[in-house]
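Contents: one structure, followed by commentary.
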Amino acid sequence: MHPDGACQAILLCASDALAEGARAVAFDVVYAGQPCRAFAVRWQGAVHAYLNRCSHVPMEMDYQEGRFFDDSGRWLLCATHGATYAPDTGACVGGPCRGGLVKVRLSEKDGLVHWHTDPLLQPPAS
Ligand code: FES
């Protein structure tokens, strides 16, 4: 938690780095005290980010680094057993997932994308 208890906005990347259909942008977070990878994608114009942790087995989901969309470009896919998630909500829509992905809140303004901390989601120690 930020020393004053407030949630922080942390610069993730330039908007251009998150193109529709492009590879995800990876970043590191601490979730519930555990170091964890997260990823951000753009889908239908909006940016979304999640922990890179499948709800089936807590493994990273990309079979090639940064590749999360299935061949249709419609769903986020876990490469291990095929759990499928909605890119805008992280909800499980197919496969063996048990619940949805953990969402990381993003904001986009003036060509920059920031991610937002919350009580469970903190930046890694620098
Ligand atoms: S670990 Fe993701 S579907 Fe099994």
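Labels for the structure tokens follow display order: chains A, B, ..., residues from 1 in each chain, ligands from 1.
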- Item | Neighbour list for Glu60 in chain A as a ChimeraX atom specification, cut-off 9 Å, only C-alpha atoms, skip fewer than 4 positions in-chain | /A:37,51-54,78-80
Need to verify the contact set: Ala9 in chain A, 12 Å, only C-alpha atoms, exclusion of same-chain residues closer than 3 positions in sequence. Can you return it as a JSON list (two decimals) with all heavy atoms, in the first residue's frame?
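Wrote it out as out08.json, contents follow:
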[["chain", "number", "residue", "atom", "x", "y", "z"],
["A", 1, "MET", "N", 0.85, -1.20, 0.00],
["A", 1, "MET", "CA", 0.00, 0.00, 0.00],
["A", 1, "MET", "C", 0.88, 1.23, 0.00],
["A", 1, "MET", "O", 1.93, 1.26, 0.63],
["A", 1, "MET", "CB", -0.91, -0.03, 1.23],
["A", 1, "MET", "CG", -1.89, 1.12, 1.33],
["A", 1, "MET", "SD", -3.36, 0.96, 0.30],
["A", 1, "MET", "CE", -4.18, -0.43, 1.02],
["A", 2, "HIS", "N", 0.47, 2.22, -0.69],
["A", 2, "HIS", "CA", 1.17, 3.49, -0.71],
["A", 2, "HIS", "C", 1.18, 4.03, 0.72],
["A", 2, "HIS", "O", 0.24, 3.82, 1.49],
["A", 2, "HIS", "CB", 0.39, 4.44, -1.65],
["A", 2, "HIS", "CG", 1.16, 5.66, -2.03],
["A", 2, "HIS", "ND1", 0.92, 6.87, -1.45],
["A", 2, "HIS", "CD2", 2.14, 5.85, -2.93],
["A", 2, "HIS", "CE1", 1.73, 7.76, -2.00],
["A", 2, "HIS", "NE2", 2.49, 7.18, -2.89],
["A", 6, "ALA", "N", -3.34, 5.63, -0.10],
["A", 6, "ALA", "CA", -4.10, 5.86, -1.32],
["A", 6, "ALA", "C", -3.68, 4.85, -2.39],
["A", 6, "ALA", "O", -2.58, 4.31, -2.35],
["A", 6, "ALA", "CB", -3.84, 7.27, -1.83],
["A", 12, "LEU", "N", 2.25, 2.27, -17.24],
["A", 12, "LEU", "CA", 2.48, 0.96, -17.83],
["A", 12, "LEU", "C", 3.19, 1.10, -19.17],
["A", 12, "LEU", "O", 4.24, 0.51, -19.39],
["A", 12, "LEU", "CB", 1.14, 0.23, -17.98],
["A", 12, "LEU", "CG", 1.18, -1.11, -18.70],
["A", 12, "LEU", "CD1", 2.11, -2.08, -17.98],
["A", 12, "LEU", "CD2", -0.21, -1.71, -18.78],
["A", 104, "VAL", "N", -6.79, -6.25, -13.46],
["A", 104, "VAL", "CA", -6.00, -5.11, -13.02],
["A", 104, "VAL", "C", -6.61, -3.88, -13.69],
["A", 104, "VAL", "O", -6.78, -3.86, -14.91],
["A", 104, "VAL", "CB", -4.52, -5.26, -13.45],
["A", 104, "VAL", "CG1", -3.70, -4.06, -12.97],
["A", 104, "VAL", "CG2", -3.93, -6.57, -12.93],
["A", 105, "ARG", "N", -6.95, -2.89, -12.89],
["A", 105, "ARG", "CA", -7.62, -1.72, -13.46],
["A", 105, "ARG", "C", -6.62, -0.85, -14.21],
["A", 105, "ARG", "O", -5.54, -0.56, -13.71],
["A", 105, "ARG", "CB", -8.30, -0.91, -12.35],
["A", 105, "ARG", "CG", -9.28, 0.11, -12.87],
["A", 105, "ARG", "CD", -10.20, 0.56, -11.77],
["A", 105, "ARG", "NE", -9.53, 1.35, -10.76],
["A", 105, "ARG", "CZ", -9.32, 2.67, -10.86],
["A", 105, "ARG", "NH1", -9.74, 3.33, -11.92],
["A", 105, "ARG", "NH2", -8.71, 3.32, -9.89],
["A", 106, "LEU", "N", -7.00, -0.47, -15.42],
["A", 106, "LEU", "CA", -6.18, 0.40, -16.25],
["A", 106, "LEU", "C", -6.92, 1.69, -16.52],
["A", 106, "LEU", "O", -8.14, 1.75, -16.47],
["A", 106, "LEU", "CB", -5.89, -0.26, -17.61],
["A", 106, "LEU", "CG", -5.11, -1.57, -17.64],
["A", 106, "LEU", "CD1", -4.87, -1.98, -19.09],
["A", 106, "LEU", "CD2", -3.80, -1.46, -16.90],
["A", 107, "SER", "N", -6.16, 2.72, -16.86],
["A", 107, "SER", "CA", -6.75, 3.93, -17.41],
["A", 107, "SER", "C", -5.86, 4.39, -18.55],
["A", 107, "SER", "O", -4.66, 4.10, -18.59],
["A", 107, "SER", "CB", -6.86, 5.02, -16.34],
["A", 107, "SER", "OG", -5.59, 5.34, -15.82],
["A", 108, "GLU", "N", -6.48, 5.08, -19.49],
["A", 108, "GLU", "CA", -5.76, 5.54, -20.67],
["A", 108, "GLU", "C", -6.10, 7.00, -20.91],
["A", 108, "GLU", "O", -7.28, 7.36, -21.00],
["A", 108, "GLU", "CB", -6.16, 4.70, -21.89],
["A", 108, "GLU", "CG", -5.39, 5.08, -23.14],
["A", 108, "GLU", "CD", -5.63, 4.11, -24.29],
["A", 108, "GLU", "OE1", -6.75, 3.54, -24.37],
["A", 108, "GLU", "OE2", -4.70, 3.94, -25.08],
["A", 109, "LYS", "N", -5.06, 7.83, -20.99],
["A", 109, "LYS", "CA", -5.28, 9.27, -21.17],
["A", 109, "LYS", "C", -4.04, 9.87, -21.80],
["A", 109, "LYS", "O", -2.91, 9.53, -21.42],
["A", 109, "LYS", "CB", -5.52, 9.91, -19.80],
["A", 109, "LYS", "CG", -6.09, 11.30, -19.87],
["A", 109, "LYS", "CD", -6.46, 11.80, -18.49],
["A", 109, "LYS", "CE", -6.83, 13.27, -18.60],
["A", 109, "LYS", "NZ", -6.51, 14.04, -17.43],
["A", 112, "LEU", "N", -1.12, 7.66, -22.87],
["A", 112, "LEU", "CA", -0.43, 6.84, -21.88],
["A", 112, "LEU", "C", -1.42, 5.91, -21.18],
["A", 112, "LEU", "O", -2.57, 6.29, -20.95],
["A", 112, "LEU", "CB", 0.25, 7.71, -20.83],
["A", 112, "LEU", "CG", 1.39, 8.61, -21.32],
["A", 112, "LEU", "CD1", 1.86, 9.53, -20.20],
["A", 112, "LEU", "CD2", 2.55, 7.79, -21.87],
["A", 113, "VAL", "N", -0.92, 4.73, -20.83],
["A", 113, "VAL", "CA", -1.74, 3.76, -20.10],
["A", 113, "VAL", "C", -1.12, 3.57, -18.71],
["A", 113, "VAL", "O", 0.09, 3.35, -18.59],
["A", 113, "VAL", "CB", -1.81, 2.42, -20.85],
["A", 113, "VAL", "CG1", -2.61, 1.39, -20.05],
["A", 113, "VAL", "CG2", -2.41, 2.61, -22.24],
["A", 114, "HIS", "N", -1.94, 3.68, -17.69],
["A", 114, "HIS", "CA", -1.51, 3.46, -16.31],
["A", 114, "HIS", "C", -2.27, 2.28, -15.73],
["A", 114, "HIS", "O", -3.42, 2.02, -16.10],
["A", 114, "HIS", "CB", -1.81, 4.68, -15.42],
["A", 114, "HIS", "CG", -0.93, 5.86, -15.70],
["A", 114, "HIS", "ND1", -1.16, 6.72, -16.75],
["A", 114, "HIS", "CD2", 0.18, 6.31, -15.07],
["A", 114, "HIS", "CE1", -0.22, 7.67, -16.74],
["A", 114, "HIS", "NE2", 0.60, 7.44, -15.74],
["A", 115, "TRP", "N", -1.64, 1.56, -14.81],
["A", 115, "TRP", "CA", -2.39, 0.56, -14.04],
["A", 115, "TRP", "C", -2.55, 1.09, -12.62],
["A", 115, "TRP", "O", -1.77, 1.91, -12.15],
["A", 115, "TRP", "CB", -1.75, -0.81, -14.10],
["A", 115, "TRP", "CG", -0.45, -1.04, -13.39],
["A", 115, "TRP", "CD1", 0.80, -0.81, -13.87],
["A", 115, "TRP", "CD2", -0.27, -1.61, -12.08],
["A", 115, "TRP", "NE1", 1.75, -1.17, -12.95],
["A", 115, "TRP", "CE2", 1.12, -1.67, -11.84],
["A", 115, "TRP", "CE3", -1.15, -2.06, -11.10],
["A", 115, "TRP", "CZ2", 1.65, -2.17, -10.65],
["A", 115, "TRP", "CZ3", -0.63, -2.57, -9.92],
["A", 115, "TRP", "CH2", 0.75, -2.63, -9.70],
["A", 116, "HIS", "N", -3.59, 0.60, -11.96],
["A", 116, "HIS", "CA", -3.96, 1.14, -10.66],
["A", 116, "HIS", "C", -3.83, 0.08, -9.58],
["A", 116, "HIS", "O", -4.32, -1.04, -9.75],
["A", 116, "HIS", "CB", -5.41, 1.66, -10.72],
["A", 116, "HIS", "CG", -5.55, 2.83, -11.65],
["A", 116, "HIS", "ND1", -5.62, 4.13, -11.22],
["A", 116, "HIS", "CD2", -5.57, 2.89, -13.01],
["A", 116, "HIS", "CE1", -5.71, 4.94, -12.27],
["A", 116, "HIS", "NE2", -5.68, 4.21, -13.36],
["A", 117, "THR", "N", -3.18, 0.46, -8.51],
["A", 117, "THR", "CA", -3.05, -0.45, -7.39],
["A", 117, "THR", "C", -4.37, -0.52, -6.62],
["A", 117, "THR", "O", -5.26, 0.33, -6.79],
["A", 117, "THR", "CB", -1.94, 0.03, -6.44],
["A", 117, "THR", "OG1", -2.33, 1.28, -5.88],
["A", 117, "THR", "CG2", -0.61, 0.18, -7.16],
["A", 118, "ASP", "N", -4.49, -1.54, -5.80],
["A", 118, "ASP", "CA", -5.59, -1.61, -4.84],
["A", 118, "ASP", "C", -5.04, -2.36, -3.62],
["A", 118, "ASP", "O", -3.86, -2.74, -3.62],
["A", 118, "ASP", "CB", -6.85, -2.24, -5.46],
["A", 118, "ASP", "CG", -6.69, -3.69, -5.83],
["A", 118, "ASP", "OD1", -5.90, -4.40, -5.17],
["A", 118, "ASP", "OD2", -7.35, -4.13, -6.78],
["A", 121, "LEU", "N", -3.35, -5.50, -4.73],
["A", 121, "LEU", "CA", -2.50, -5.42, -5.91],
["A", 121, "LEU", "C", -1.53, -4.26, -5.76],
["A", 121, "LEU", "O", -1.96, -3.10, -5.73],
["A", 121, "LEU", "CB", -3.43, -5.18, -7.10],
["A", 121, "LEU", "CG", -3.00, -5.54, -8.49],
["A", 121, "LEU", "CD1", -2.57, -6.99, -8.60],
["A", 121, "LEU", "CD2", -4.15, -5.25, -9.43],
["A", 122, "GLN", "N", -0.28, -4.60, -5.62],
["A", 122, "GLN", "CA", 0.73, -3.58, -5.34],
["A", 122, "GLN", "C", 1.88, -3.67, -6.33],
["A", 122, "GLN", "O", 2.09, -4.72, -6.96],
["A", 122, "GLN", "CB", 1.26, -3.79, -3.91],
["A", 122, "GLN", "CG", 0.20, -3.57, -2.85],
["A", 122, "GLN", "CD", -0.26, -2.12, -2.78],
["A", 122, "GLN", "OE1", 0.55, -1.21, -2.73],
["A", 122, "GLN", "NE2", -1.57, -1.90, -2.85],
["A", 123, "PRO", "N", 2.64, -2.61, -6.47],
["A", 123, "PRO", "CA", 3.81, -2.68, -7.35],
["A", 123, "PRO", "C", 4.91, -3.52, -6.70],
["A", 123, "PRO", "O", 4.96, -3.63, -5.47],
["A", 123, "PRO", "CB", 4.25, -1.22, -7.48],
["A", 123, "PRO", "CG", 3.70, -0.53, -6.28],
["A", 123, "PRO", "CD", 2.47, -1.29, -5.87]]
- Item | All residues having an atom within 7 Å of ligand 1 (only C-alpha atoms and all ligand atoms) as a VMD selection string | chain A and resid 54 to 59 61 78 to 83 95 to 97
Output N, CA, C and O atoms of each residue in that selection to a file, as a JSON list (two decimals), in the first residue's frame.
[["chain", "number", "residue", "atom", "x", "y", "z"],
["A", 54, "CYS", "N", -3.91, -18.50, -14.74],
["A", 54, "CYS", "CA", -5.15, -19.19, -15.09],
["A", 54, "CYS", "C", -5.91, -19.55, -13.82],
["A", 54, "CYS", "O", -5.32, -19.87, -12.78],
["A", 55, "SER", "N", -7.24, -19.52, -13.91],
["A", 55, "SER", "CA", -8.04, -19.87, -12.73],
["A", 55, "SER", "C", -8.20, -21.39, -12.59],
["A", 55, "SER", "O", -8.71, -21.86, -11.59],
["A", 56, "HIS", "N", -7.77, -22.16, -13.59],
["A", 56, "HIS", "CA", -7.83, -23.62, -13.50],
["A", 56, "HIS", "C", -6.70, -24.13, -12.61],
["A", 56, "HIS", "O", -6.92, -24.71, -11.56],
["A", 57, "VAL", "N", -5.48, -23.90, -13.05],
["A", 57, "VAL", "CA", -4.28, -24.17, -12.27],
["A", 57, "VAL", "C", -3.51, -22.85, -12.33],
["A", 57, "VAL", "O", -3.46, -22.24, -13.39],
["A", 58, "PRO", "N", -2.99, -22.38, -11.23],
["A", 58, "PRO", "CA", -2.39, -21.05, -11.25],
["A", 58, "PRO", "C", -1.07, -21.00, -12.02],
["A", 58, "PRO", "O", 0.00, -20.90, -11.46],
["A", 59, "MET", "N", -1.20, -21.12, -13.35],
["A", 59, "MET", "CA", -0.04, -21.09, -14.25],
["A", 59, "MET", "C", -0.17, -19.90, -15.19],
["A", 59, "MET", "O", -1.28, -19.44, -15.45],
["A", 61, "MET", "N", -0.44, -18.23, -18.77],
["A", 61, "MET", "CA", -1.36, -18.73, -19.79],
["A", 61, "MET", "C", -0.82, -18.68, -21.22],
["A", 61, "MET", "O", -1.37, -19.33, -22.11],
["A", 78, "CYS", "N", -6.01, -19.91, -22.35],
["A", 78, "CYS", "CA", -4.90, -20.50, -21.62],
["A", 78, "CYS", "C", -4.36, -21.64, -22.46],
["A", 78, "CYS", "O", -5.09, -22.56, -22.81],
["A", 79, "ALA", "N", -3.06, -21.59, -22.75],
["A", 79, "ALA", "CA", -2.47, -22.58, -23.65],
["A", 79, "ALA", "C", -2.38, -23.96, -23.01],
["A", 79, "ALA", "O", -2.23, -24.95, -23.72],
["A", 80, "THR", "N", -2.47, -24.05, -21.70],
["A", 80, "THR", "CA", -2.21, -25.35, -21.06],
["A", 80, "THR", "C", -3.35, -26.34, -21.28],
["A", 80, "THR", "O", -3.14, -27.44, -21.78],
["A", 81, "HIS", "N", -4.57, -25.97, -20.92],
["A", 81, "HIS", "CA", -5.71, -26.89, -21.11],
["A", 81, "HIS", "C", -6.88, -26.22, -21.82],
["A", 81, "HIS", "O", -7.99, -26.73, -21.79],
["A", 82, "GLY", "N", -6.70, -25.04, -22.34],
["A", 82, "GLY", "CA", -7.72, -24.43, -23.18],
["A", 82, "GLY", "C", -8.81, -23.66, -22.46],
["A", 82, "GLY", "O", -9.88, -23.42, -23.04],
["A", 83, "ALA", "N", -8.59, -23.24, -21.23],
["A", 83, "ALA", "CA", -9.57, -22.36, -20.59],
["A", 83, "ALA", "C", -9.69, -21.07, -21.41],
["A", 83, "ALA", "O", -8.69, -20.57, -21.92],
["A", 95, "GLY", "N", -14.02, -24.13, -21.28],
["A", 95, "GLY", "CA", -12.86, -24.88, -20.80],
["A", 95, "GLY", "C", -12.90, -25.08, -19.30],
["A", 95, "GLY", "O", -13.92, -24.82, -18.65],
["A", 96, "PRO", "N", -11.78, -25.52, -18.75],
["A", 96, "PRO", "CA", -11.79, -25.96, -17.35],
["A", 96, "PRO", "C", -11.59, -24.86, -16.31],
["A", 96, "PRO", "O", -11.26, -25.15, -15.17],
["A", 97, "CYS", "N", -11.76, -23.58, -16.69],
["A", 97, "CYS", "CA", -11.49, -22.53, -15.71],
["A", 97, "CYS", "C", -12.48, -22.60, -14.56],
["A", 97, "CYS", "O", -13.60, -23.06, -14.70]]
- Query: Looking at A:Asp16, A:Asp62, A:Asp88, A:Asp71, which one is nearest to Ala49 in chain A, with distances taken over only C-alpha atoms?
  - Reply: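 Using only C-alpha atoms, the shortest distance to Ala49 in chain A belongs to A:Asp88.
Closest approach to Thr84 in chain A from the set A:Ala26, A:Leu101, A:Ile10, A:Ala32 is made by A:Leu101, with distances taken over only C-alpha atoms.
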- as a PyMOL selection string, please: all residues of range 23-122 of chain A that backbone DSSP puts in strand (DSSP E). chain A and resi 25-31+34-43+46-51+76-77+84-85+92-94+103-104+106-109+112-116+121-122
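The two atoms in question, CA of Ala22 in chain A and CA of Cys7 in chain A, are spaced 29.0 Å apart.
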- note - CA of Gln8 in chain A and CA of Pro119 in chain A are separated by 10.3 Å
- Message: Which residue is closest to Cys92 in chain A? Choose from A:Val41, A:Leu120, A:Leu18, A:Leu77 and count only C-alpha atoms.
- Response: A:Leu77
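Comparing the minimum interatomic distances between Asp28 in chain A and each of A:Ala125, A:Ala86, A:Arg74, A:Gly94, counting only C-alpha atoms, we find that A:Ala125 sits nearest.
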- Task: Name the residues in contact with Asp110 in chain A at a cut-off of 12 Å, using only C-alpha atoms, excluding same-chain residues fewer than 6 positions from it; report them as number ranges by chain.
- Result: A: 13-16
